[in-house]
Amino acid sequence: MVTSQARLNLLSDQIKSPELADAIEHLEKLTRQLRDNAFEISLIPIESMVTRLKRLIRDLASELNKEVNFIAEGTETELDKTIIENLNDPLMHIFRNAIDHGIEDAETRKKNGKAAIGTIKLKSFYSGTNVIIQIIDDGKGINPEVIRQKAIEKELISEDDILSQAAIFDLITQPGFSTASSITDISGRGVGMDVVKKNIQKIQGELLIESKAGRGTTFTLKLPLTLSIIDGLIVSVENTPYIIPIQNIDKIRPITHSYLKETFNNTIVLDNEQLPYIYLRERFAISSAAPAREQVVVVYYENQKLGIVIDKVEKQSQVVVKSIGQRFHHLDIISGASILGNGKVALVLDTNKIISTIGK
């Protein structure tokens, strides 16, 4: 219905009839209202997962002779049913890890001046157009130096590499990475943190890890409210359309191609602010001549900003996002595709991934 609406808008622009434009604008309002109602029907509370998690924690704690207190906050927070279904396995694995490797036994906890009973908290809340889920434990935490040494052993990094603490913890999610001296029945079932991260990325989510040695670990999952329909800015490069999610855009500025040619280290100055940028013509190996005047779409993620240089901005539109399938899973800066009103396929740019890639 959303795609048909886009087709009607396109026809209205071509025919230029005020009466038709008025009727289509009214229809668009109704379509948007129906879309919002459909979303509300498909949203279910996180509470639906809590019973299963409680049972898992009770059984594992009993098996490992540990005492664990489980606290759930914000379980009324709602998510798309599809996302909830895809979250079950990653959450189960994170909880298994927390109980098996994080929470210490009662004696060790007492020696370290902690309560004999360990605590694991599931906390969820809304943040803009996202839902944040945190799994917080008060266990032994992760020692960044142990992670670093293991990564050097496995040749994931070299001795000379200088990494932030967040980057060191992110190494845990690399394929085959494990600091466990032995595989257990609880958490060593061939499903590592790399698979957990991959499953979260499949639903366009992000996984962040924070930890303090001796104090505990926090796993933060940043998830979209829904996967199916987004408000997007349709842009073009060499007459090929691409979509940038509106929610991630800070501003749009014109820029001359001659200025870009003079820049150093892919950095530009916009509104007295120095920004790194990605040039899509270069990234997608387009060899034809660029227009004299291009556009910079400034996007943000967490506390970072990045300019994406495109040929021109076409329009803003609601788009239905479809998966591009396993064949293209290696294209990590593309999160999906959409069929536009004119029948063309437009790829959806994953701006969070682009910023993460440039940052690394």
# chains A, B, ... in the order shown; residues from 1 in each chain; ligands from 1

$ select_by_dssp --residues "segment 295-354 of chain A" --states "helix (DSSP H, G or I)" --output "ChimeraX atom specification"
/A:326-328,351-354

$ residues_around --residues "segment 310-322 of chain A" --least-positions-apart "2" --cutoff "9 Å" --atoms "only C-alpha atoms" --output "PyMOL selection string"
chain A and resi 2-3+6+32+227-239+241+243+246+252+254+279-281+290-291+293-297+308+324-325+335-340+348

$ closest_residue --among "A:Ile142, A:Ala151, A:Leu225, A:Ile120" --to "Glu40 of chain A" --atoms "only C-alpha atoms"
A:Leu225

$ closest_residue --among "A:Leu223, A:Ile358, A:Gly141, A:Ser323" --to "Tyr277 of chain A" --atoms "only C-alpha atoms"
A:Ile358

$ closest_residue --among "A:Asn86, A:Thr108, A:Thr240, A:Ser4" --to "Ala346 of chain A" --atoms "only C-alpha atoms"
A:Thr240

$ closest_residue --among "A:Tyr301, A:Phe177, A:Phe328, A:Tyr242" --to "Ile355 of chain A" --atoms "only C-alpha atoms"
A:Tyr301

$ closest_residue --among "A:Lys251, A:His93, A:Lys123, A:Ile334" --to "Phe284 of chain A" --atoms "only C-alpha atoms"
A:Ile334

$ closest_residue --among "A:Asp59, A:Asn272, A:Asn265, A:Val309" --to "Arg96 of chain A" --atoms "only C-alpha atoms"
A:Asp59

$ residues_around --residues "Gly176 of chain A" --least-positions-apart "2" --cutoff "9 Å" --atoms "only C-alpha atoms" --output "list in words"
Ile172, Thr173, Gln174, Ser178, Gly192, Met193 and Asp194 of chain A

$ write_last_selection --atoms "C-alpha atoms" --output "mmCIF file, in the first residue's frame"
data_model
loop_
_atom_site.group_PDB
_atom_site.id
_atom_site.type_symbol
_atom_site.label_atom_id
_atom_site.label_comp_id
_atom_site.auth_asym_id
_atom_site.auth_seq_id
_atom_site.Cartn_x
_atom_site.Cartn_y
_atom_site.Cartn_z
ATOM 1 C CA ILE A 172 34.931 -10.574 22.145
ATOM 2 C CA THR A 173 32.463 -10.589 19.239
ATOM 3 C CA GLN A 174 35.101 -11.679 16.689
ATOM 4 C CA SER A 178 37.044 -17.093 23.549
ATOM 5 C CA GLY A 192 29.863 -17.594 20.303
ATOM 6 C CA MET A 193 29.430 -13.878 20.836
ATOM 7 C CA ASP A 194 30.165 -13.419 17.108
#

$ select_by_dssp --residues "segment 39-274 of chain A" --states "strand (DSSP E or B)" --output "NGL selection string"
:A and (43-45 or 68-73 or 78-80 or 118-127 or 130-137 or 206-212 or 216-224 or 229-237 or 240-245 or 249-256 or 267-270 or 273-274)

$ residues_around --residues "segment 200-205 of chain A" --least-positions-apart "3" --cutoff "7 Å" --atoms "only C-alpha atoms" --output "PyMOL selection string"
chain A and resi 83+196-197+221-224

$ atom_distance --atom1 "atom CA of Lys114 of chain A" --atom2 "atom CA of Ile136 of chain A"
15.7 Å

$ residues_around --residues "segment 210-214 of chain A" --least-positions-apart "6" --cutoff "12 Å" --atoms "only C-alpha atoms" --output "count of residues only"
34
